[in-house]
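Colleague: Quick one: the structure is below, questions incoming.
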Amino acid sequence: QRWPCVVVKLHMSYTICWNLIYILYTVHIYLLITNDVSLLYVASLVKILILNNFYSFIYYMKYDFINRNQQITNSYIYLKKYINTKSKNLVSLVGISETIRVSSKNIKFNQWLSGIIDATGSFKVNKSKHCSLEIIIPLKEEKLLKIIQNKFGGNLKLRAADKSIRYRLNNKNDLILLLTAVNGNIHTSKRFTEFSRVCNILNINIIQPINLDINNAWFSGYFDARGSINYEFINKPQLLISTTHSYYTDLINFKNILGGTINFERGSNGYFKWTISSKEDVLNYYKYNKLNPARSSKNKRLFLIKYFYDLVATGSYNDLPTSLSNKAWLKFIKYFLE
């Protein structure tokens with residue numbers, strides 16, 4: 001386990017919450033064992049520890065300190081997560097005037113991660129009640145799984161048969177952290193059932209899914225895993241943004257919040273497909289993506305939406321092949337489809 005092997009360099013001006021004290025206790029033990037920094041730091045830490053009269057609860061703090069921000073003012077903490085490396089991760093907590101339960105950045109990430117899991121993940125329990133999470137995505141989207149792996153651990157494995165990658169997280173402590181992060185954000189019926197079973201085994205209180213709205217990054221995560229953006233030519237070029245699921249009810253939030261239609265497709269044993277194609281709906285999704293950006297390769301096409309409509313408005317797609325405007329259109333489409 002990487003935690004609680006941390007090295008902290010702390011500079012404080014004013015208040016410090018009780019949560020941070022747990023971290024300092026962990027650091028104190030590490031310093032005494034490794035003698036990695038000067039006695040001056042040790043003395044300073046001991047002074048803080050004695051004055052604040054606390055007891056330790058180290059494992060809980062791994063999640064609660066990183067993801068739940070109590071009242072901390074003007075402090076900088078360098079976390080060294082591995083004893084044998086010299087890399088530093090900076091967590092900056094500056095100028096907070098009131099307690100904030102969870103940082104906005106973490107909320108968005110957890111919503112995005114939940115969308116990924118709802119789309120292509122699965123929570124598994126074997127015969128010995130050992131729990132794990134698996135996510136399978138196309139090979140070209142490997143970086144999505146790297147983002148998750150860097151935050152929660154786990155391992156990646158190439159599935160050569162279908163040109164995809166499988167992410168698996170089966171370490172109990174790391175899995176608990178991930179479950180806590182996505183608790184309340186799992187929305188599809190099948191995945192919520194799996195999630196609930198795992199939480200019951202690991203004694204985690206289950207939070208019912210929050211209501212989705214246009215500000216929720218869940219849609220972006222789901223789109224990264226199962227969405228697509230393409231164009232077709234019907235009288236003139238138009239964009240299509242879509243995603244799929246086996247159950248109609250699990251796509252209804254896309255329709256209710258982002259517009260469009262849901263249709264049944266007969267291929268692959270049948271599935272439902274949500275689609276938006278009107279300029280208004282597509283531009284609304286473009287605005288949504290600016291606030292909750294996709295992290296997959298599809299974000300390139302999403303970024304080009306406004307330029308697509310600008311070119312269509314000029315009629316360049318219908319100009320003579322020798323014209324510069326038509327060449328600009330063909331060059332754009334080539335880049336769009338790459």
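Residue numbering restarts at 1 in every chain; chains get A, B, ... in the order shown in the structure tokens, and ligands count up from 1 in that same order.
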Output as a PDB file with N, CA, C and O atoms, in the first residue's frame all residues of region 181-247 of chain A that backbone DSSP marks as strand (DSSP E).
Modeller:
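Result written to result35.pdb:
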```pdb
ATOM      1  N   SER A 228     -20.762   8.896 -29.874  1.00  0.00           N
ATOM      2  CA  SER A 228     -20.130   9.125 -31.176  1.00  0.00           C
ATOM      3  C   SER A 228     -20.616  10.449 -31.739  1.00  0.00           C
ATOM      4  O   SER A 228     -21.705  10.920 -31.416  1.00  0.00           O
ATOM      5  N   ILE A 229     -19.791  11.049 -32.580  1.00  0.00           N
ATOM      6  CA  ILE A 229     -20.178  12.260 -33.314  1.00  0.00           C
ATOM      7  C   ILE A 229     -19.730  12.077 -34.755  1.00  0.00           C
ATOM      8  O   ILE A 229     -18.548  11.842 -35.032  1.00  0.00           O
ATOM      9  N   ASN A 230     -20.689  12.163 -35.677  1.00  0.00           N
ATOM     10  CA  ASN A 230     -20.424  11.978 -37.098  1.00  0.00           C
ATOM     11  C   ASN A 230     -21.242  13.001 -37.890  1.00  0.00           C
ATOM     12  O   ASN A 230     -21.984  13.792 -37.305  1.00  0.00           O
ATOM     13  N   TYR A 231     -21.080  12.967 -39.214  1.00  0.00           N
ATOM     14  CA  TYR A 231     -21.906  13.845 -40.035  1.00  0.00           C
ATOM     15  C   TYR A 231     -22.474  13.046 -41.200  1.00  0.00           C
ATOM     16  O   TYR A 231     -21.912  12.021 -41.611  1.00  0.00           O
ATOM     17  N   GLU A 232     -23.612  13.487 -41.687  1.00  0.00           N
ATOM     18  CA  GLU A 232     -24.229  12.880 -42.860  1.00  0.00           C
ATOM     19  C   GLU A 232     -24.681  13.980 -43.805  1.00  0.00           C
ATOM     20  O   GLU A 232     -24.776  15.150 -43.403  1.00  0.00           O
ATOM     21  N   PHE A 233     -24.935  13.598 -45.050  1.00  0.00           N
ATOM     22  CA  PHE A 233     -25.304  14.580 -46.070  1.00  0.00           C
ATOM     23  C   PHE A 233     -26.736  14.314 -46.522  1.00  0.00           C
ATOM     24  O   PHE A 233     -27.001  13.371 -47.252  1.00  0.00           O
ATOM     25  N   ILE A 234     -27.660  15.128 -46.033  1.00  0.00           N
ATOM     26  CA  ILE A 234     -29.057  15.064 -46.470  1.00  0.00           C
ATOM     27  C   ILE A 234     -29.453  16.484 -46.888  1.00  0.00           C
ATOM     28  O   ILE A 234     -29.737  17.327 -46.050  1.00  0.00           O
ATOM     29  N   LYS A 236     -27.960  18.928 -47.198  1.00  0.00           N
ATOM     30  CA  LYS A 236     -26.728  19.611 -46.807  1.00  0.00           C
ATOM     31  C   LYS A 236     -26.124  18.857 -45.630  1.00  0.00           C
ATOM     32  O   LYS A 236     -26.805  18.056 -44.969  1.00  0.00           O
ATOM     33  N   PRO A 237     -24.842  19.100 -45.328  1.00  0.00           N
ATOM     34  CA  PRO A 237     -24.200  18.368 -44.238  1.00  0.00           C
ATOM     35  C   PRO A 237     -24.847  18.685 -42.890  1.00  0.00           C
ATOM     36  O   PRO A 237     -25.231  19.827 -42.619  1.00  0.00           O
ATOM     37  N   GLN A 238     -24.996  17.678 -42.049  1.00  0.00           N
ATOM     38  CA  GLN A 238     -25.487  17.893 -40.691  1.00  0.00           C
ATOM     39  C   GLN A 238     -24.773  16.943 -39.734  1.00  0.00           C
ATOM     40  O   GLN A 238     -24.370  15.845 -40.108  1.00  0.00           O
ATOM     41  N   LEU A 239     -24.603  17.405 -38.504  1.00  0.00           N
ATOM     42  CA  LEU A 239     -23.909  16.619 -37.488  1.00  0.00           C
ATOM     43  C   LEU A 239     -24.894  15.741 -36.728  1.00  0.00           C
ATOM     44  O   LEU A 239     -26.054  16.098 -36.523  1.00  0.00           O
ATOM     45  N   LEU A 240     -24.390  14.590 -36.289  1.00  0.00           N
ATOM     46  CA  LEU A 240     -25.160  13.661 -35.472  1.00  0.00           C
ATOM     47  C   LEU A 240     -24.349  13.310 -34.236  1.00  0.00           C
ATOM     48  O   LEU A 240     -23.208  12.853 -34.341  1.00  0.00           O
ATOM     49  N   ILE A 241     -24.918  13.536 -33.076  1.00  0.00           N
ATOM     50  CA  ILE A 241     -24.302  13.113 -31.818  1.00  0.00           C
ATOM     51  C   ILE A 241     -25.207  12.053 -31.216  1.00  0.00           C
ATOM     52  O   ILE A 241     -26.430  12.255 -31.107  1.00  0.00           O
ATOM     53  N   SER A 242     -24.639  10.924 -30.822  1.00  0.00           N
ATOM     54  CA  SER A 242     -25.474   9.822 -30.349  1.00  0.00           C
ATOM     55  C   SER A 242     -24.761   8.973 -29.313  1.00  0.00           C
ATOM     56  O   SER A 242     -23.539   9.047 -29.150  1.00  0.00           O
ATOM     57  N   THR A 243     -25.544   8.183 -28.609  1.00  0.00           N
ATOM     58  CA  THR A 243     -25.021   7.172 -27.702  1.00  0.00           C
ATOM     59  C   THR A 243     -26.069   6.088 -27.554  1.00  0.00           C
ATOM     60  O   THR A 243     -27.234   6.275 -27.956  1.00  0.00           O
ATOM     61  N   THR A 244     -25.683   4.950 -26.979  1.00  0.00           N
ATOM     62  CA  THR A 244     -26.583   3.799 -26.957  1.00  0.00           C
ATOM     63  C   THR A 244     -26.651   3.155 -25.569  1.00  0.00           C
ATOM     64  O   THR A 244     -25.778   3.363 -24.726  1.00  0.00           O
ATOM     65  N   HIS A 245     -27.702   2.368 -25.387  1.00  0.00           N
ATOM     66  CA  HIS A 245     -27.825   1.530 -24.190  1.00  0.00           C
ATOM     67  C   HIS A 245     -28.861   0.451 -24.452  1.00  0.00           C
ATOM     68  O   HIS A 245     -29.709   0.592 -25.342  1.00  0.00           O
TER      69      HIS A 245
END
```
Colleague: As a CSV table (one decimal) with N, CA and C atoms, in the first residue's frame, please: every residue in region 288-318 of chain A that DSSP puts in alpha helix (DSSP H).
Modeller:
```csv
chain,number,residue,atom,x,y,z
A,288,TYR,N,-22.4,22.6,-23.5
A,288,TYR,CA,-22.3,21.7,-22.4
A,288,TYR,C,-20.9,21.1,-22.3
A,289,ASN,N,-20.3,20.8,-23.5
A,289,ASN,CA,-19.0,20.1,-23.5
A,289,ASN,C,-17.9,21.1,-23.1
A,290,LYS,N,-18.1,22.4,-23.3
A,290,LYS,CA,-17.2,23.4,-22.9
A,290,LYS,C,-17.1,23.5,-21.4
A,291,LEU,N,-18.2,23.2,-20.7
A,291,LEU,CA,-18.2,23.3,-19.3
A,291,LEU,C,-17.8,21.9,-18.7
A,299,ASN,N,-13.3,14.3,-28.3
A,299,ASN,CA,-13.4,15.8,-28.0
A,299,ASN,C,-12.9,16.6,-29.1
A,300,LYS,N,-12.1,16.1,-30.0
A,300,LYS,CA,-11.6,16.8,-31.1
A,300,LYS,C,-12.7,17.2,-32.0
A,301,ARG,N,-13.6,16.3,-32.3
A,301,ARG,CA,-14.8,16.6,-33.2
A,301,ARG,C,-15.7,17.5,-32.5
A,302,LEU,N,-15.9,17.3,-31.2
A,302,LEU,CA,-16.8,18.2,-30.5
A,302,LEU,C,-16.3,19.7,-30.5
A,303,PHE,N,-15.0,19.8,-30.5
A,303,PHE,CA,-14.4,21.1,-30.5
A,303,PHE,C,-14.6,21.8,-31.9
A,305,ILE,N,-17.3,21.7,-33.8
A,305,ILE,CA,-18.7,21.8,-34.1
A,305,ILE,C,-19.0,23.2,-34.7
A,306,LYS,N,-18.6,24.3,-34.0
A,306,LYS,CA,-18.9,25.6,-34.5
A,306,LYS,C,-18.3,25.9,-35.9
A,307,TYR,N,-17.1,25.4,-36.1
A,307,TYR,CA,-16.4,25.6,-37.4
A,307,TYR,C,-17.1,24.9,-38.5
A,308,PHE,N,-17.7,23.7,-38.1
A,308,PHE,CA,-18.5,22.9,-39.1
A,308,PHE,C,-19.6,23.8,-39.6
A,309,TYR,N,-20.4,24.3,-38.7
A,309,TYR,CA,-21.6,25.1,-39.0
A,309,TYR,C,-21.2,26.4,-39.8
A,310,ASP,N,-20.0,27.0,-39.4
A,310,ASP,CA,-19.6,28.2,-40.2
A,310,ASP,C,-19.3,27.8,-41.6
A,311,LEU,N,-18.7,26.7,-41.9
A,311,LEU,CA,-18.4,26.3,-43.2
A,311,LEU,C,-19.7,26.0,-44.0
A,312,VAL,N,-20.6,25.3,-43.3
A,312,VAL,CA,-21.8,24.9,-44.0
A,312,VAL,C,-22.6,26.2,-44.4
A,313,ALA,N,-22.6,27.2,-43.5
A,313,ALA,CA,-23.3,28.4,-43.8
A,313,ALA,C,-22.7,29.1,-45.0
A,314,THR,N,-21.5,29.0,-45.3
A,314,THR,CA,-20.9,29.6,-46.5
A,314,THR,C,-21.2,28.8,-47.8
```
Colleague: Taking into account only C-alpha atoms, which residue in the set A:Thr249, A:Arg191, A:Ser297, A:Leu178 is nearest to Lys140 (chain A)?
Modeller: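 Residue with the minimum atom-to-atom distance to Lys140 (chain A): A:Ser297.
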